[in-house]
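As stored in structure.tsv (TSV, C-alpha atoms):
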```tsv
chain	number	residue	atom	x	y	z
A	1	MET	CA	116.70	112.19	104.33
A	2	ARG	CA	118.00	115.54	105.54
A	3	ARG	CA	115.24	117.29	103.62
A	4	SER	CA	112.64	115.12	105.36
A	5	ILE	CA	114.00	115.96	108.83
A	6	LEU	CA	114.10	119.67	107.94
A	7	PHE	CA	110.49	119.51	106.73
A	8	VAL	CA	109.33	117.92	110.01
A	9	MET	CA	111.18	120.54	112.07
A	10	LEU	CA	109.63	123.40	110.07
A	11	VAL	CA	106.14	121.96	110.52
A	12	PHE	CA	106.55	121.67	114.28
A	13	LEU	CA	107.90	125.22	114.50
A	14	PHE	CA	104.96	126.45	112.47
A	15	CYS	CA	102.53	124.56	114.71
A	16	SER	CA	104.01	125.67	118.05
A	17	PRO	CA	101.30	128.37	118.54
A	18	LEU	CA	98.71	125.61	118.07
A	19	PHE	CA	100.14	123.56	120.90
A	20	ALA	CA	100.00	126.63	123.14
A	21	GLN	CA	96.24	126.78	122.55
A	22	ILE	CA	95.87	123.04	123.08
A	23	LEU	CA	97.65	122.99	126.43
A	24	ARG	CA	95.77	126.02	127.75
A	25	PHE	CA	93.35	124.93	130.47
A	26	GLY	CA	89.82	126.23	130.70
A	27	VAL	CA	86.84	125.57	128.46
A	28	PRO	CA	87.66	122.82	125.88
A	29	ASN	CA	87.93	123.91	122.26
A	30	LEU	CA	85.40	122.78	119.63
A	31	GLU	CA	83.19	120.91	122.09
A	32	ALA	CA	80.52	119.99	119.49
A	33	TYR	CA	83.01	119.14	116.75
A	34	ASP	CA	82.87	115.34	117.11
A	35	MET	CA	79.08	115.27	116.97
A	36	GLU	CA	79.03	116.37	113.32
A	37	ARG	CA	78.39	113.63	110.74
A	38	PHE	CA	81.08	114.66	108.22
A	39	HIS	CA	84.42	116.45	108.43
A	40	PHE	CA	86.74	117.55	105.65
A	41	GLY	CA	90.31	118.78	105.49
A	42	PHE	CA	93.71	118.27	103.92
A	43	SER	CA	96.86	116.31	104.71
A	44	LEU	CA	100.60	116.96	104.22
A	45	GLY	CA	103.19	114.33	104.94
A	46	ILE	CA	106.41	112.45	104.35
A	47	ASP	CA	106.76	108.88	103.09
A	48	ILE	CA	109.81	106.75	103.87
A	49	VAL	CA	109.77	104.33	100.95
A	50	ASP	CA	111.34	100.86	101.09
A	51	ALA	CA	110.69	97.37	99.70
A	52	ASN	CA	110.46	93.78	100.91
A	53	LEU	CA	112.54	91.73	98.49
A	54	LYS	CA	112.63	88.01	97.82
A	55	THR	CA	115.73	87.14	95.82
A	56	GLN	CA	117.24	84.04	94.24
A	57	THR	CA	118.94	81.70	96.71
A	58	ASP	CA	121.72	80.90	94.26
A	59	TYR	CA	123.07	83.74	92.12
A	60	ALA	CA	125.80	81.59	90.56
A	61	ASN	CA	123.44	80.20	87.90
A	62	LEU	CA	122.23	83.60	86.73
A	63	MET	CA	123.27	84.91	83.34
A	64	SER	CA	124.40	88.52	83.57
A	65	GLY	CA	125.72	88.81	80.03
A	66	SER	CA	129.25	89.42	81.31
A	67	ASP	CA	131.88	87.92	83.59
A	68	ASN	CA	130.44	89.68	86.64
A	69	ARG	CA	128.93	87.55	89.39
A	70	LEU	CA	125.94	88.81	91.37
A	71	LEU	CA	126.46	88.69	95.15
A	72	GLU	CA	123.52	90.54	96.72
A	73	ILE	CA	120.38	92.59	96.05
A	74	TYR	CA	118.96	95.00	98.61
A	75	SER	CA	117.01	98.24	98.88
A	76	LYS	CA	117.50	101.46	100.84
A	77	PRO	CA	114.77	103.72	102.30
A	78	GLN	CA	114.10	106.92	100.36
A	79	PRO	CA	111.96	109.97	101.27
A	80	ALA	CA	108.90	111.08	99.31
A	81	PHE	CA	106.22	113.70	99.87
A	82	ASN	CA	102.46	113.26	99.90
A	83	VAL	CA	99.39	115.50	99.86
A	84	GLY	CA	95.80	114.44	100.31
A	85	ILE	CA	92.18	115.46	100.87
A	86	VAL	CA	90.49	114.18	104.03
A	87	ALA	CA	86.89	113.00	104.15
A	88	ASN	CA	85.78	111.70	107.58
A	89	MET	CA	82.39	110.15	108.41
A	90	ARG	CA	81.31	109.60	112.01
A	91	LEU	CA	80.12	106.04	112.62
A	92	GLY	CA	79.65	106.27	116.38
A	93	GLN	CA	81.09	107.68	119.56
A	94	TYR	CA	84.40	105.88	119.11
A	95	PHE	CA	84.52	104.99	115.40
A	96	ASP	CA	85.03	106.96	112.18
A	97	LEU	CA	85.38	105.98	108.52
A	98	ARG	CA	88.13	107.88	106.71
A	99	PHE	CA	88.84	108.26	102.99
A	100	ILE	CA	92.00	110.23	102.16
A	101	PRO	CA	92.75	110.23	98.41
A	102	GLY	CA	96.19	111.68	97.81
A	103	PHE	CA	99.24	111.96	95.62
A	104	SER	CA	102.70	110.65	96.59
A	105	ILE	CA	105.49	112.53	94.79
A	106	ALA	CA	108.91	111.04	93.97
A	107	HIS	CA	107.89	107.71	95.50
A	108	ASP	CA	110.99	105.96	94.13
A	109	ILE	CA	112.26	102.45	94.90
A	110	ASP	CA	116.07	102.19	94.99
A	111	LEU	CA	117.52	98.73	94.34
A	112	TYR	CA	121.22	98.04	94.85
A	113	TYR	CA	123.00	95.19	93.07
A	114	LYS	CA	126.41	94.08	94.34
A	115	PHE	CA	128.59	92.34	91.77
A	116	ALA	CA	131.96	90.63	92.08
A	117	ASP	CA	134.28	91.60	89.23
A	118	GLU	CA	137.39	89.61	88.30
A	119	VAL	CA	140.23	91.51	86.65
A	120	GLY	CA	143.44	89.92	85.45
A	121	THR	CA	145.97	89.61	82.61
A	122	LEU	CA	148.38	87.02	81.32
A	123	TYR	CA	151.13	88.49	83.52
A	124	ARG	CA	149.14	89.17	86.67
A	125	LYS	CA	146.91	87.04	88.84
A	126	SER	CA	143.21	87.90	88.76
A	127	THR	CA	141.93	90.16	91.52
A	128	LEU	CA	138.39	90.42	92.87
A	129	TYR	CA	136.51	93.58	93.81
A	130	THR	CA	132.88	94.54	94.30
A	131	ASP	CA	130.88	96.79	92.01
A	132	LEU	CA	127.65	98.40	93.31
A	133	VAL	CA	124.97	99.13	90.72
A	134	LEU	CA	121.91	101.29	91.48
A	135	ARG	CA	118.59	100.75	89.73
A	136	LYS	CA	116.00	103.43	90.54
A	137	ILE	CA	112.36	102.61	89.81
A	138	GLU	CA	110.61	105.97	89.48
A	139	CYS	CA	107.03	106.15	90.75
A	140	HIS	CA	104.36	108.79	91.31
A	141	TYR	CA	101.34	107.23	93.02
A	142	ILE	CA	97.71	108.22	93.34
A	143	ASN	CA	96.67	106.64	96.66
A	144	LEU	CA	93.11	105.62	97.53
A	145	PRO	CA	93.03	104.50	101.21
A	146	LEU	CA	89.94	103.51	103.19
A	147	LEU	CA	90.48	103.36	106.96
A	148	ILE	CA	88.58	102.67	110.17
A	149	LYS	CA	89.51	105.03	113.01
A	150	PHE	CA	89.07	103.92	116.63
A	151	LYS	CA	89.08	106.91	119.00
A	152	SER	CA	89.72	107.09	122.72
A	153	SER	CA	87.76	109.34	125.04
A	154	ARG	CA	88.67	112.99	124.69
A	155	MET	CA	91.12	114.35	127.28
A	156	HIS	CA	90.46	118.09	127.33
A	157	ASN	CA	91.83	119.18	123.91
A	158	VAL	CA	93.62	115.92	123.00
A	159	ARG	CA	92.39	112.56	121.74
A	160	PHE	CA	94.40	109.42	120.89
A	161	TYR	CA	93.31	107.03	118.15
A	162	ALA	CA	94.34	103.94	116.21
A	163	LEU	CA	93.40	103.12	112.63
A	164	ALA	CA	93.56	100.22	110.17
A	165	GLY	CA	92.44	99.52	106.64
A	166	GLY	CA	93.63	99.07	103.08
A	167	GLN	CA	94.81	101.09	100.12
A	168	VAL	CA	94.93	100.83	96.34
A	169	SER	CA	97.69	102.82	94.60
A	170	LEU	CA	97.97	103.68	90.90
A	171	ASN	CA	101.45	104.33	89.52
A	172	MET	CA	101.46	107.22	87.06
A	173	MET	CA	105.00	106.34	85.89
A	174	SER	CA	104.81	102.59	85.57
A	175	ALA	CA	107.92	101.17	83.94
A	176	ARG	CA	105.64	98.77	82.08
A	177	ASN	CA	104.45	101.66	79.93
A	178	ASN	CA	107.93	103.04	79.19
A	179	LYS	CA	108.98	102.42	75.61
A	180	ILE	CA	112.73	101.77	75.51
A	181	GLN	CA	114.35	101.55	72.08
A	182	VAL	CA	117.12	98.96	72.11
A	183	SER	CA	119.56	98.99	69.17
A	184	ASN	CA	122.19	96.58	70.50
A	185	ILE	CA	122.92	94.25	73.40
A	186	ASP	CA	125.31	96.68	75.16
A	187	GLU	CA	122.65	99.37	75.31
A	188	ALA	CA	120.16	96.85	76.67
A	189	LYS	CA	122.51	95.91	79.50
A	190	ALA	CA	123.07	99.55	80.39
A	191	GLU	CA	119.35	100.39	80.57
A	192	VAL	CA	117.96	97.20	82.06
A	193	LEU	CA	115.43	97.87	84.84
A	194	PRO	CA	112.93	95.64	86.70
A	195	ILE	CA	109.44	96.22	85.34
A	196	ILE	CA	106.67	96.67	87.93
A	197	LYS	CA	102.90	96.63	87.76
A	198	PRO	CA	101.07	99.95	87.30
A	199	TYR	CA	99.18	99.40	90.58
A	200	ASP	CA	99.74	98.24	94.14
A	201	VAL	CA	97.56	97.01	97.02
A	202	GLN	CA	98.56	97.51	100.67
A	203	VAL	CA	97.28	96.98	104.17
A	204	LYS	CA	97.71	99.98	106.47
A	205	GLY	CA	97.80	100.53	110.21
A	206	GLY	CA	98.88	103.24	112.59
A	207	PHE	CA	98.00	105.70	115.29
A	208	GLY	CA	97.69	109.42	115.84
A	209	PHE	CA	96.78	112.31	118.10
A	210	ASP	CA	93.95	114.79	117.54
A	211	PHE	CA	94.58	118.28	118.93
A	212	TYR	CA	91.58	120.62	119.20
A	213	THR	CA	92.46	124.28	118.68
A	214	THR	CA	90.20	127.32	118.77
A	215	TYR	CA	89.22	127.18	115.09
A	216	PHE	CA	90.18	123.75	113.72
A	217	LYS	CA	91.48	120.28	114.60
A	218	PHE	CA	95.15	119.46	114.01
A	219	THR	CA	96.32	115.83	113.78
A	220	ALA	CA	99.73	114.18	113.88
A	221	GLU	CA	99.48	110.69	112.36
A	222	PHE	CA	101.94	107.80	111.94
A	223	LYS	CA	101.22	104.87	109.61
A	224	MET	CA	102.85	101.76	108.14
A	225	SER	CA	101.85	100.26	104.79
A	226	PHE	CA	102.74	96.76	103.60
A	227	GLY	CA	102.17	95.59	100.03
A	228	VAL	CA	100.24	92.33	99.62
A	229	ILE	CA	100.98	91.70	95.92
A	230	ASN	CA	104.20	91.02	94.04
A	231	MET	CA	104.79	94.18	92.03
A	232	LEU	CA	107.13	92.53	89.51
A	233	GLU	CA	105.63	91.76	86.13
A	234	SER	CA	105.56	88.03	85.42
A	235	GLU	CA	106.69	88.53	81.83
A	236	GLN	CA	109.61	90.93	81.83
A	237	GLY	CA	111.68	91.74	78.82
A	238	ILE	CA	112.51	94.21	76.08
A	239	GLN	CA	112.98	93.16	72.46
A	240	ASP	CA	115.13	94.80	69.84
A	241	LYS	CA	114.17	95.20	66.19
A	242	ASP	CA	115.14	91.57	65.53
A	243	ASN	CA	112.88	90.32	68.36
A	244	ILE	CA	115.80	89.25	70.55
A	245	TRP	CA	114.99	89.30	74.27
A	246	TYR	CA	117.99	90.93	75.95
A	247	TYR	CA	116.44	91.69	79.33
A	248	GLN	CA	115.38	88.14	80.10
A	249	SER	CA	119.03	87.00	80.32
A	250	SER	CA	120.02	89.78	82.75
A	251	SER	CA	120.76	89.14	86.43
A	252	ILE	CA	119.14	92.53	87.16
A	253	ILE	CA	115.87	90.86	86.18
A	254	ASN	CA	116.40	87.23	87.16
A	255	GLY	CA	117.91	88.01	90.57
A	256	LEU	CA	114.55	89.18	91.92
A	257	GLN	CA	111.67	86.82	92.61
A	258	SER	CA	109.35	89.18	94.48
A	259	LEU	CA	109.14	92.89	95.28
A	260	LYS	CA	106.53	94.20	97.73
A	261	SER	CA	106.17	97.78	98.90
A	262	LYS	CA	106.82	98.95	102.46
A	263	THR	CA	106.19	102.56	103.51
A	264	PHE	CA	106.30	104.51	106.76
A	265	THR	CA	104.26	107.73	106.66
A	266	ILE	CA	104.17	110.80	108.90
A	267	SER	CA	101.14	112.98	108.20
A	268	PHE	CA	99.96	116.35	109.46
A	269	ILE	CA	96.21	116.80	109.01
A	270	PHE	CA	94.11	119.96	109.25
A	271	GLU	CA	90.31	119.58	109.57
```
Before we go any further, please render this structure as structure tokens.
Amino acid sequence: MRRSILFVMLVFLFCSPLFAQILRFGVPNLEAYDMERFHFGFSLGIDIVDANLKTQTDYANLMSGSDNRLLEIYSKPQPAFNVGIVANMRLGQYFDLRFIPGFSIAHDIDLYYKFADEVGTLYRKSTLYTDLVLRKIECHYINLPLLIKFKSSRMHNVRFYALAGGQVSLNMMSARNNKIQVSNIDEAKAEVLPIIKPYDVQVKGGFGFDFYTTYFKFTAEFKMSFGVINMLESEQGIQDKDNIWYYQSSSIINGLQSLKSKTFTISFIFE
């Protein structure tokens, strides 16, 4: 998270001369820019990755393969970086169609499992403590968003806009395609990981500000994405050489019923 904040600060420091041009009164910059049919550019940004989880209502009946009892499953937001190419088509005075194919790097989903462990001996009463287990689902996504942009009237060198649309994402590191060799049940428990689909579908919405400089347009954009499909595979499991399904009896797998993506994105666009 600190790296994300540092990246944002560096971008704003780099862009401070641009804002000086934007706020300068006089003849507006790039007056005929919005009359052109097509615009192209590139995008740099930060993703704050999280997940909407639906979990079992009763963990007591789950088989974890040990004496541990599952108490809770939750996720924590994680930063990722994205780059993209901007293609913008003018539909009218106040509407544009935008296609911004891009690549989201280190787009990982962090799942935390809280277990209750009982420890005791013949001479001492059992004690209870919590054990937190992290399962990181590694992802690198190719994103294909298609958005409608609704623009306000231009105010000198600034324009506000809102946008909405959808996105299809392809996971280049889908856990479904990972081949894990399991030799015994203990190894299976240690490596167990929820298996997700190699694709995702989201709805997107947000807003932004266009700033017209002397030579190009600079945009600060803020978006939210919400997954509309359950990313968990319906048939999850890993077999050993004797065709024994170890993963299906794990609470790491059975504790989750649904996992949908949720991402907040800050983008800086140059056109």
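Ranking A:Asn254, A:Val133, A:Ser261, A:Phe211 by their shortest atom-to-atom distance to Val168 in chain A, with only C-alpha atoms included, puts A:Ser261 first.
Distance annotation: of A:Arg90, A:Lys151, A:His39, A:His140, the residue with the minimal separation from Pro198 in chain A is A:His140; atom set is all atoms listed in the file.
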Problem - Top pick for closest residue to Tyr94 in chain A, considering A:Ala162, A:Leu170, A:Leu144, A:Val49 and counting all atoms listed in the file - result: A:Ala162
Exercise for the section: Could you check how far CA of Val201 in chain A sits from CA of Asn88 in chain A, in Å to one decimal? Expected result: 21.6 Å
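Comparing the minimum interatomic distances between Asn171 in chain A and each of A:Asp131, A:Glu31, A:Glu72, A:Asp108, counting all atoms listed in the file, we find that A:Asp108 sits nearest.
Picture a line from CA of Asp110 in chain A to CA of Lys223 in chain A; it runs 21.0 Å.
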